[in-house]
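A.B. asks: Sending over query.txt (compact mmCIF, C-alpha atoms).
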```
# COMPACT_ATOMS: atom_id res chain seq x y z
CA MET A 176 3.44 -15.17 85.24
CA ALA A 177 3.93 -13.34 81.94
CA SER A 178 1.05 -11.03 82.70
CA LEU A 179 2.45 -10.19 86.14
CA LYS A 180 5.82 -9.38 84.63
CA VAL A 181 4.26 -7.07 82.01
CA THR A 182 2.21 -5.32 84.73
CA SER A 183 5.24 -4.71 86.95
CA LEU A 184 7.15 -3.40 84.02
CA LEU A 185 4.37 -1.00 83.07
CA SER A 186 4.05 0.27 86.65
CA SER A 187 7.78 0.86 86.86
CA ILE A 188 7.62 2.79 83.56
CA CYS A 189 4.82 5.01 84.88
CA SER A 190 6.58 5.72 88.19
CA SER A 191 9.94 6.39 86.64
CA SER A 192 10.77 10.06 86.20
CA SER A 193 13.91 9.51 84.14
CA SER A 194 13.03 10.27 80.58
CA SER A 195 14.83 8.90 77.55
CA SER A 196 17.61 6.59 78.73
CA SER A 197 15.48 4.51 81.09
CA SER A 198 12.58 4.25 78.63
CA GLU A 199 14.89 2.98 75.92
CA ARG A 200 16.22 0.27 78.26
CA ILE A 201 12.65 -0.80 79.14
CA LYS A 202 11.62 -0.91 75.45
CA SER A 203 14.60 -3.03 74.63
CA SER A 204 13.69 -5.51 77.35
CA ILE A 205 10.14 -6.06 76.05
CA HIS A 206 9.96 -8.88 73.55
CA VAL A 207 6.75 -8.73 71.46
CA PRO A 208 6.01 -12.02 69.76
CA LYS A 209 5.78 -11.99 65.95
CA LEU A 210 2.24 -12.01 64.75
CA PRO A 211 1.34 -13.89 61.63
CA ARG A 212 1.29 -11.75 58.45
CA ALA A 213 -2.21 -10.57 57.71
CA ILE A 214 -3.32 -11.12 54.15
CA PHE A 215 -5.09 -8.01 52.93
CA VAL A 216 -7.91 -8.80 50.60
CA ALA A 217 -8.72 -5.83 48.36
CA PRO A 218 -12.36 -5.20 47.81
CA LYS A 219 -13.69 -6.23 44.47
CA THR A 220 -13.81 -3.10 42.35
CA LYS A 221 -14.70 -2.63 38.73
CA PRO A 222 -11.79 -1.76 36.44
CA SER A 223 -11.96 1.73 35.02
CA ARG A 224 -13.14 2.30 31.44
CA LYS A 225 -9.76 3.80 30.51
CA LEU A 226 -7.91 0.63 31.51
CA PHE A 227 -10.46 -1.52 29.71
CA GLU A 228 -10.11 0.48 26.50
CA GLU A 229 -6.30 0.38 26.65
CA LEU A 230 -6.31 -3.40 26.99
CA ASN A 231 -9.05 -4.31 24.59
CA GLY A 232 -9.63 -1.26 22.41
CA PHE A 233 -12.86 0.64 21.99
CA THR A 234 -15.80 -1.48 20.98
CA HIS A 235 -19.34 -0.68 19.87
CA THR A 236 -20.99 -3.24 22.05
CA THR A 237 -22.61 -2.60 25.42
CA PRO A 238 -19.93 -1.79 28.00
CA ILE A 239 -19.12 -4.35 30.66
CA PHE A 240 -17.32 -1.95 32.94
CA GLN A 241 -18.61 1.48 33.78
CA ASP A 242 -17.21 4.46 35.60
CA ASP A 243 -18.77 6.15 38.58
CA SER A 244 -20.29 8.75 36.23
CA TYR A 245 -22.76 6.11 35.12
CA ASN A 246 -24.24 5.54 38.54
CA SER A 247 -27.13 7.90 37.92
CA THR A 248 -30.27 6.13 36.79
CA ASN A 249 -31.05 8.62 34.04
CA THR A 250 -27.49 8.67 32.73
CA SER A 251 -27.29 4.89 32.75
CA LYS A 252 -30.57 4.63 30.87
CA ALA A 253 -29.51 7.17 28.23
CA THR A 254 -26.14 5.47 27.81
CA THR A 255 -27.75 2.06 27.38
CA GLN A 256 -30.13 3.44 24.78
CA LEU A 257 -27.29 5.14 22.91
CA TYR A 258 -25.36 1.87 22.81
CA ALA A 259 -28.45 0.13 21.41
CA ILE A 260 -28.74 2.80 18.70
CA LEU A 261 -25.01 2.47 18.04
CA GLU A 262 -25.39 -1.26 17.39
CA ALA A 263 -28.26 -0.58 14.97
CA VAL A 264 -26.20 2.06 13.17
CA ALA A 265 -23.22 -0.31 12.85
CA ASP A 266 -25.56 -2.92 11.36
CA ARG A 267 -26.91 -0.38 8.85
CA VAL A 268 -23.37 0.53 7.82
CA GLU A 269 -22.72 -3.11 6.97
CA MET A 270 -26.06 -3.54 5.18
CA HIS A 271 -25.68 -0.47 2.98
CA HIS A 272 -22.07 -1.36 2.19
CA ASN A 273 -22.95 -4.89 1.09
CA ILE A 274 -26.02 -3.85 -0.90
CA GLY A 275 -24.06 -1.05 -2.55
CA GLU A 276 -21.48 -3.56 -3.80
CA GLN A 277 -24.27 -5.85 -4.99
CA ARG A 278 -25.96 -3.09 -7.00
CA ASP A 279 -22.66 -1.99 -8.47
CA ASN A 280 -22.24 -5.57 -9.69
CA TRP A 281 -25.75 -5.40 -11.16
CA ASN A 282 -24.72 -2.41 -13.24
CA THR A 283 -21.65 -4.18 -14.63
CA LEU A 284 -23.35 -7.52 -15.30
CA LEU A 285 -26.50 -6.07 -16.87
CA LEU A 286 -24.48 -3.68 -19.04
CA ASN A 287 -22.27 -6.46 -20.40
CA SER A 288 -25.17 -8.87 -20.88
CA ILE A 289 -27.42 -6.41 -22.71
CA ASN A 290 -24.63 -5.20 -24.98
CA MET A 291 -23.62 -8.76 -25.85
CA ILE A 292 -27.22 -9.71 -26.60
CA THR A 293 -27.72 -6.63 -28.80
CA LEU A 294 -24.48 -7.12 -30.74
CA THR A 295 -25.23 -10.82 -31.24
CA ALA A 296 -28.70 -10.01 -32.60
CA ALA A 297 -27.24 -7.37 -34.95
CA SER A 298 -24.67 -9.88 -36.22
CA MET A 299 -27.39 -12.46 -36.88
CA VAL A 300 -29.39 -9.90 -38.88
CA GLY A 301 -26.33 -9.18 -41.03
CA ILE A 302 -25.72 -12.89 -41.62
CA ALA A 303 -29.38 -13.45 -42.50
CA ALA A 304 -29.32 -10.66 -45.09
CA THR A 305 -26.17 -11.92 -46.83
CA SER A 306 -26.32 -15.72 -46.80
CA GLY A 307 -29.57 -16.87 -45.26
CA VAL A 308 -32.21 -18.63 -47.39
CA GLY A 309 -35.30 -20.65 -46.56
CA ALA A 310 -35.42 -22.18 -43.10
CA PRO A 311 -32.01 -20.81 -42.01
CA LEU A 312 -33.17 -17.29 -42.91
CA LEU A 313 -36.34 -17.73 -40.86
CA ALA A 314 -34.36 -19.09 -37.91
CA LEU A 315 -31.92 -16.17 -38.00
CA LYS A 316 -34.75 -13.67 -38.27
CA LEU A 317 -36.66 -15.16 -35.34
CA SER A 318 -33.55 -15.48 -33.20
CA SER A 319 -32.46 -11.92 -33.82
CA THR A 320 -35.97 -10.62 -33.16
CA LEU A 321 -36.16 -12.50 -29.86
CA LEU A 322 -32.72 -11.28 -28.82
CA PHE A 323 -33.55 -7.67 -29.67
CA SER A 324 -36.83 -7.96 -27.78
CA ALA A 325 -35.07 -9.46 -24.76
CA SER A 326 -32.46 -6.71 -24.73
CA THR A 327 -35.20 -4.09 -25.01
CA GLY A 328 -37.07 -5.50 -22.01
CA MET A 329 -33.92 -5.82 -19.93
CA LEU A 330 -32.86 -2.32 -20.88
CA ILE A 331 -36.23 -0.86 -19.84
CA VAL A 332 -35.90 -2.48 -16.42
CA MET A 333 -32.28 -1.38 -16.07
CA ASN A 334 -33.09 2.21 -17.04
CA LYS A 335 -35.95 2.26 -14.56
CA LEU A 336 -33.79 1.03 -11.68
CA GLN A 337 -30.54 2.86 -12.57
CA PRO A 338 -28.17 0.45 -10.74
CA SER A 339 -25.27 2.92 -10.78
CA GLN A 340 -27.45 5.51 -9.03
CA LEU A 341 -28.65 2.91 -6.53
CA ALA A 342 -25.04 1.98 -5.75
CA GLU A 343 -24.18 5.66 -5.20
CA GLU A 344 -27.16 6.02 -2.85
CA GLN A 345 -25.88 3.15 -0.72
CA ARG A 346 -22.36 4.58 -0.68
CA ASN A 347 -23.72 7.91 0.55
CA ALA A 348 -25.85 6.15 3.16
CA THR A 349 -22.82 4.18 4.36
CA ARG A 350 -20.80 7.38 4.74
CA LEU A 351 -23.60 9.18 6.61
CA PHE A 352 -24.19 6.26 8.98
CA LYS A 353 -20.45 6.15 9.70
CA GLN A 354 -20.57 9.84 10.56
CA LEU A 355 -23.50 9.22 12.87
CA GLN A 356 -21.67 6.28 14.42
CA SER A 357 -18.65 8.47 15.20
CA HIS A 358 -20.92 11.18 16.63
CA ILE A 359 -22.61 8.73 19.00
CA GLU A 360 -19.27 7.30 20.09
CA THR A 361 -18.02 10.82 20.84
CA THR A 362 -21.17 11.62 22.83
CA ILE A 363 -20.69 8.51 24.95
CA ALA A 364 -16.96 9.12 25.41
CA LEU A 365 -17.56 12.67 26.64
CA GLY A 366 -19.86 11.25 29.33
CA ASN A 367 -23.21 12.22 30.80
CA PRO A 368 -25.42 11.69 27.73
CA THR A 369 -29.03 12.80 28.07
CA ILE A 370 -32.38 11.67 26.77
CA GLU A 371 -32.20 14.53 24.25
CA ASP A 372 -29.07 12.92 22.79
CA VAL A 373 -30.98 9.66 22.42
CA LYS A 374 -33.91 11.36 20.67
CA ASP A 375 -31.56 13.24 18.37
CA ALA A 376 -29.73 10.04 17.38
CA MET A 377 -33.01 8.22 16.73
CA GLU A 378 -34.29 11.04 14.51
CA LYS A 379 -31.07 11.06 12.51
CA VAL A 380 -31.21 7.30 11.95
CA LEU A 381 -34.80 7.47 10.70
CA ALA A 382 -34.04 10.50 8.51
CA ILE A 383 -31.18 8.68 6.75
CA ASP A 384 -33.37 5.59 6.34
CA LYS A 385 -36.00 7.74 4.63
CA ALA A 386 -33.50 9.56 2.42
CA TYR A 387 -31.75 6.38 1.25
CA PRO A 388 -34.22 3.46 1.35
CA LEU A 389 -33.06 -0.10 0.79
CA PRO A 390 -36.17 -1.65 -0.90
CA LEU A 391 -36.61 -1.41 -4.67
CA LEU A 392 -40.39 -1.79 -4.75
CA GLY A 393 -42.56 0.94 -3.33
CA ALA A 394 -39.92 2.86 -1.36
CA MET A 395 -37.37 3.38 -4.16
CA LEU A 396 -36.57 6.99 -4.95
CA ASP A 397 -37.84 8.40 -8.24
CA LYS A 398 -34.89 8.30 -10.65
CA PHE A 399 -36.46 10.77 -13.10
CA PRO A 400 -38.20 13.53 -11.10
CA THR A 401 -39.74 16.46 -12.92
CA LYS A 402 -37.33 18.84 -11.16
CA PHE A 403 -33.94 18.41 -9.57
CA GLU A 404 -34.24 18.32 -5.78
CA PRO A 405 -31.28 18.09 -3.36
CA ALA A 406 -31.15 15.10 -1.02
CA VAL A 407 -32.42 15.62 2.55
CA TRP A 408 -31.02 13.23 5.16
CA TRP A 409 -31.35 15.27 8.36
CA PRO A 410 -34.41 15.55 10.63
CA SER A 411 -36.48 18.69 10.39
CA LYS A 412 -36.63 20.67 13.62
CA PRO A 413 -39.25 23.22 14.69
CA SER A 414 -38.07 26.80 14.72
CA SER A 415 -36.56 27.80 18.05
CA LYS A 416 -37.55 30.82 20.08
CA ARG A 417 -35.97 34.11 19.13
CA ARG A 418 -32.65 34.68 20.79
CA ASN A 419 -32.05 37.24 23.49
CA LYS A 420 -29.69 39.84 22.03
CA ASN A 421 -28.59 40.92 25.49
CA GLN A 422 -27.02 37.50 26.06
CA LEU A 423 -25.12 37.25 22.77
CA GLU A 424 -21.66 38.04 24.16
CA LYS A 425 -21.05 34.60 25.65
CA ASN A 426 -20.16 31.02 24.74
CA GLY A 427 -17.79 32.20 22.02
CA TRP A 428 -20.47 34.11 20.08
CA ASN A 429 -20.62 37.77 19.12
CA GLU A 430 -22.11 39.99 16.44
CA GLY A 431 -18.95 39.80 14.35
CA LEU A 432 -19.03 36.00 14.20
CA GLU A 433 -22.72 35.97 13.26
CA THR A 434 -22.10 38.49 10.47
CA GLU A 435 -19.18 36.39 9.22
CA LEU A 436 -21.28 33.24 9.06
CA ARG A 437 -24.11 35.04 7.24
CA ASP A 438 -21.67 36.36 4.64
CA VAL A 439 -20.21 32.89 4.09
CA MET A 440 -23.64 31.31 3.68
CA GLU A 441 -24.56 34.05 1.20
CA VAL A 442 -21.69 32.83 -1.01
CA VAL A 443 -22.86 29.23 -0.55
CA LYS A 444 -26.36 30.12 -1.75
CA ARG A 445 -25.34 32.31 -4.67
CA LYS A 446 -22.48 30.21 -6.02
CA ASP A 447 -22.34 26.62 -4.78
CA MET A 448 -26.03 25.79 -4.46
CA GLU A 449 -26.98 27.43 -7.75
CA ASP A 450 -24.11 25.75 -9.60
CA TYR A 451 -24.99 22.28 -8.36
CA GLU A 452 -28.67 22.86 -9.11
CA ARG A 453 -27.74 23.76 -12.68
CA LEU A 454 -25.48 20.72 -13.08
CA GLY A 455 -28.06 18.45 -11.47
CA ASN A 456 -30.79 19.57 -13.88
CA LEU A 457 -28.41 19.09 -16.81
CA MET A 458 -27.47 15.54 -15.80
CA LEU A 459 -31.13 14.72 -15.14
CA LYS A 460 -32.07 15.74 -18.70
CA ILE A 461 -29.18 13.78 -20.21
CA ASN A 462 -30.12 10.69 -18.20
CA LYS A 463 -33.77 10.93 -19.24
CA THR A 464 -32.82 11.28 -22.92
CA LEU A 465 -30.47 8.29 -22.84
CA ALA A 466 -32.95 6.17 -20.87
CA ILE A 467 -35.56 6.71 -23.60
CA ALA A 468 -33.20 6.44 -26.57
CA GLY A 469 -31.69 3.06 -25.66
CA PRO A 470 -34.90 0.97 -25.49
CA LEU A 471 -36.34 2.89 -28.45
CA LEU A 472 -33.41 1.99 -30.70
CA SER A 473 -33.35 -1.66 -29.63
CA GLY A 474 -37.13 -1.82 -30.17
CA ILE A 475 -36.74 -0.47 -33.70
CA ALA A 476 -34.04 -3.08 -34.30
CA ALA A 477 -36.39 -5.83 -33.05
CA VAL A 478 -39.16 -4.75 -35.44
CA GLY A 479 -36.79 -4.27 -38.37
CA SER A 480 -35.17 -7.68 -37.93
CA ALA A 481 -38.54 -9.36 -38.53
CA PHE A 482 -38.64 -7.99 -42.10
CA VAL A 483 -35.13 -8.88 -43.19
CA SER A 484 -34.81 -10.73 -46.48
CA GLN A 485 -31.85 -12.05 -48.41
CA GLY A 486 -30.01 -9.59 -50.59
CA SER A 487 -32.12 -6.57 -49.55
CA TRP A 488 -31.32 -3.32 -47.81
CA THR A 489 -33.81 -4.04 -45.03
CA ALA A 490 -30.99 -5.23 -42.74
CA ILE A 491 -29.48 -1.75 -42.54
CA VAL A 492 -32.12 -0.42 -40.15
CA PRO A 493 -31.93 -3.17 -37.48
CA VAL A 494 -28.15 -3.41 -37.66
CA MET A 495 -27.63 0.35 -37.28
CA ALA A 496 -30.31 0.62 -34.59
CA GLY A 497 -28.71 -2.24 -32.65
CA ALA A 498 -25.27 -0.67 -32.88
CA LEU A 499 -26.58 2.72 -31.74
CA ALA A 500 -28.49 1.08 -28.87
CA THR A 501 -25.27 -0.57 -27.73
CA ALA A 502 -23.40 2.75 -27.86
CA VAL A 503 -26.13 4.60 -25.96
CA ASN A 504 -26.34 1.89 -23.32
CA ALA A 505 -22.57 1.85 -22.89
CA PHE A 506 -22.47 5.65 -22.50
CA GLU A 507 -25.38 5.78 -20.04
CA HIS A 508 -24.51 2.88 -17.76
CA GLY A 509 -20.80 2.51 -18.50
CA GLY A 510 -20.40 6.24 -17.87
CA GLN A 511 -22.69 5.89 -14.83
CA ILE A 512 -24.77 8.96 -15.63
CA GLY A 513 -27.19 8.01 -12.85
CA MET A 514 -24.35 7.93 -10.34
CA VAL A 515 -23.22 11.42 -11.40
CA SER A 516 -26.79 12.71 -11.06
CA GLU A 517 -27.02 11.26 -7.54
CA MET A 518 -23.65 12.78 -6.66
CA TYR A 519 -24.93 16.24 -7.61
CA ARG A 520 -28.12 15.60 -5.65
CA ASN A 521 -26.07 14.69 -2.58
CA CYS A 522 -23.80 17.73 -2.93
CA GLY A 523 -26.83 20.02 -3.21
CA GLY A 524 -28.22 18.46 -0.05
CA PHE A 525 -24.89 19.01 1.72
CA PHE A 526 -25.01 22.77 1.11
CA GLN A 527 -28.68 22.89 2.08
CA MET A 528 -27.82 21.13 5.34
CA LEU A 529 -25.10 23.71 6.07
CA ASP A 530 -27.56 26.54 5.52
CA ASN A 531 -30.17 24.95 7.79
CA SER A 532 -27.57 24.25 10.47
CA VAL A 533 -26.38 27.87 10.57
CA GLN A 534 -29.92 29.25 10.62
CA GLU A 535 -31.11 26.92 13.37
CA THR A 536 -28.04 27.67 15.49
CA MET A 537 -28.49 31.44 15.24
CA GLU A 538 -32.14 31.19 16.26
CA GLU A 539 -31.16 29.81 19.65
CA ASP A 540 -29.94 31.73 22.68
CA ALA A 541 -26.18 32.06 22.85
CA ASP A 542 -25.89 29.94 26.00
CA GLN A 543 -27.89 27.15 24.35
CA ARG A 544 -25.74 27.00 21.21
CA GLU A 545 -22.63 25.07 20.43
CA ASN A 546 -19.49 27.03 21.24
CA GLY A 547 -19.02 29.74 18.60
CA GLU A 548 -15.33 29.11 17.93
CA LEU A 549 -15.93 25.37 17.63
CA PHE A 550 -18.88 25.95 15.29
CA GLU A 551 -16.77 28.24 13.10
CA MET A 552 -13.97 25.65 12.92
CA LYS A 553 -16.40 22.88 11.93
CA LEU A 554 -17.90 25.03 9.18
CA ALA A 555 -14.44 25.85 7.84
CA LEU A 556 -13.50 22.16 7.73
CA LYS A 557 -16.73 21.22 5.98
CA LEU A 558 -15.96 23.78 3.28
CA GLY A 559 -12.35 22.63 3.00
CA ARG A 560 -10.94 25.92 4.29
CA SER A 561 -8.83 27.17 7.16
CA LEU A 562 -10.20 29.74 9.61
CA SER A 563 -8.26 32.55 7.93
CA GLN A 564 -9.57 31.52 4.49
CA LEU A 565 -13.12 31.41 5.84
CA ARG A 566 -12.80 34.93 7.24
CA ASP A 567 -11.30 36.18 3.97
CA LEU A 568 -14.27 34.71 2.11
CA ALA A 569 -16.66 36.51 4.49
CA ARG A 570 -14.86 39.83 3.87
CA LYS A 571 -15.05 39.33 0.10
CA SER A 572 -18.75 38.55 0.35
CA ALA A 573 -19.41 41.68 2.41
CA TYR A 574 -17.38 43.80 0.00
CA SER A 575 -19.19 42.45 -3.07
CA ARG A 576 -22.55 43.10 -1.39
CA VAL A 577 -21.62 46.72 -0.70
CA GLU A 578 -20.23 47.26 -4.19
CA GLY A 579 -23.12 45.41 -5.86
CA THR A 580 -20.84 42.92 -7.65
CA ALA A 581 -20.86 39.14 -7.79
CA THR A 582 -18.39 37.01 -5.85
CA ASP A 583 -16.02 35.19 -8.21
CA GLU A 584 -15.18 32.41 -5.73
CA PHE A 585 -17.01 29.31 -4.59
CA ALA A 586 -17.40 28.73 -0.87
CA SER A 587 -16.46 25.05 -0.92
CA LYS A 588 -13.05 23.76 -1.93
CA LEU A 589 -14.05 20.12 -1.51
CA PHE A 590 -16.79 19.73 -4.13
```
Starting from the file, give its structure as structure tokens.

C.D. replies:
Amino acid sequence: MASLKVTSLLSSICSSSSSSSSSERIKSSIHVPKLPRAIFVAPKTKPSRKLFEELNGFTHTTPIFQDDSYNSTNTSKATTQLYAILEAVADRVEMHHNIGEQRDNWNTLLLNSINMITLTAASMVGIAATSGVGAPLLALKLSSTLLFSASTGMLIVMNKLQPSQLAEEQRNATRLFKQLQSHIETTIALGNPTIEDVKDAMEKVLAIDKAYPLPLLGAMLDKFPTKFEPAVWWPSKPSSKRRNKNQLEKNGWNEGLETELRDVMEVVKRKDMEDYERLGNLMLKINKTLAIAGPLLSGIAAVGSAFVSQGSWTAIVPVMAGALATAVNAFEHGGQIGMVSEMYRNCGGFFQMLDNSVQETMEEDADQRENGELFEMKLALKLGRSLSQLRDLARKSAYSRVEGTATDEFASKLF
């Protein structure tokens, strides 16, 4: 019956020629039953990375949620590999930090122990020369000789290892791995990493491992090289093809910017690099002299203490040698001469890295380089200058080259 009523109503609506008033009356007479509310189930979608980072903060671990930009197989593979490298880099940061603290403790503990042993042996020699007789004299002589010999052996090992320099190496490695960690995080955050980014990160990790090794046996760096050499912690790259000059006016590069960078690097070579090479050679010679003088003096004290007798002047030599050995050891390791030498070696490597970076960048085509304005800003920040100060330095360098005079200003304001 309901269907017949609806049909008659519809037929009357179709046949009716009256427009609005009749149609409104018909609509008001139709009672449509209420349908049950449909529950809309949203499809399961992955939360966006932005929401995930806002809720939980950025983390170094492998991402659980990924954006649509990671759907590509190649991009997903490169991203996964970069996250694996990032985890390894974070682990190296922790390792070098912990081992650096350990070796800094070595320096303090060995310094205090050796100085206490040396001063105790010198005191025993003085006591033996003034009041010792018979068996007590022999006991004091033997004890002081053994203590001097022990301090000599410990001092030889300490001077060979240079704990303060080892600690500085680990501090530098920690800083460099943190820089690499931030670089990888930035690459991932910008999106669409490539296999080339993965290879570059791997090469940088291995280069830092080689420049700052953790083992002491076999792989330890030579603490007393014949010549001062700056540290090298970046991978060597083959020379790129020569750039096309016709395509220079693009990507923020031009002839003026290239000339500016060359002038700045000329100041770096003539002032900063030469100055740190001079200081590095000076500290290397001082460290070598002190490393030889300390064990030599304590060895003389050990030999002299064996010939001490009561009431003689033979105690003067071991007592004075022991006191001088203590002073030399305190100046070398308390003053951390090895750490200062390593600091100069690292600073020399920093300027060498800047020079290599500028040269390698200019060898590439303009469209393959990093943006010129961004590259200029990074160089200015690395030298502790503003962009205007960097350009003033380039003008001074060009003027001094034309006039044949030397620049009276260092390029870096940080070191």

A.B. asks: What is the CA of Phe590 in chain A to CA of Arg520 in chain A distance in Å?

C.D. replies: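 Here the two named atoms are 12.2 Å from each other.
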
A.B. asks: Show which residues sit within 8 Å of Ala253 in chain A, as JSON, numbers by chain. Count only C-alpha atoms, and ignore same-chain residues fewer than 6 positions away.

C.D. replies: {"A": [368, 369, 370, 372, 373]}

A.B. asks: Distance CA of Asp266 in chain A-CA of Gly393 in chain A, one decimal place?

C.D. replies: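 Going from CA of Asp266 in chain A over to CA of Gly393 in chain A covers 22.8 Å.
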
A.B. asks: Quick one: of A:Leu286, A:Ala586, A:Ala569, A:Val443, who's nearest to Pro338 in chain A, counting all atoms listed in the file?

C.D. replies: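 Among the listed residues, A:Leu286 lies closest to Pro338 in chain A.
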
A.B. asks: Return the single residue from A:Leu285, A:Val300, A:Leu312, A:Leu396 that is closest to Gly509 in chain A, with distances computed using all atoms listed in the file.

C.D. replies: A:Leu285

A.B. asks: Using only C-alpha atoms, find each residue of range 450-537 of chain A with at least one atom at most 10 Å away from an atom of range 314-331 of chain A; report its shortest atom-to-atom pair and that distance in Å (one decimal), sort the rows by chain and rising residue number, and return the result as CSV.

C.D. replies:
```
residue,atom,partner,partner_atom,distance
A:Ala466,CA,A:Ile331,CA,7.8
A:Ile467,CA,A:Ile331,CA,8.5
A:Gly469,CA,A:Leu330,CA,7.3
A:Pro470,CA,A:Thr327,CA,5.1
A:Leu471,CA,A:Thr327,CA,7.9
A:Leu472,CA,A:Thr327,CA,8.5
A:Ser473,CA,A:Thr327,CA,5.5
A:Gly474,CA,A:Thr327,CA,6.0
A:Ile475,CA,A:Phe323,CA,8.8
A:Ala476,CA,A:Phe323,CA,6.5
A:Ala477,CA,A:Phe323,CA,4.8
A:Val478,CA,A:Thr320,CA,7.1
A:Gly479,CA,A:Thr320,CA,8.3
A:Ser480,CA,A:Thr320,CA,5.7
A:Ala481,CA,A:Lys316,CA,5.7
A:Phe482,CA,A:Lys316,CA,7.9
A:Val483,CA,A:Lys316,CA,6.9
A:Ser484,CA,A:Lys316,CA,8.7
A:Pro493,CA,A:Phe323,CA,9.2
A:Gly497,CA,A:Phe323,CA,7.9
A:Ala500,CA,A:Thr327,CA,9.3
A:Thr501,CA,A:Ser326,CA,9.9
A:Asn504,CA,A:Leu330,CA,8.1
```

A.B. asks: Using Å and a single decimal, report how far CA of Thr361 in chain A sits from CA of Thr255 in chain A.

C.D. replies: 14.6 Å

A.B. asks: So, with all atoms listed in the file as the atoms that count, which of A:Phe525, A:Leu565, A:Ile302, A:Ala265 lies closest to Glu360 in chain A?

C.D. replies: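 Closest to Glu360 in chain A of all the choices is A:Ala265.
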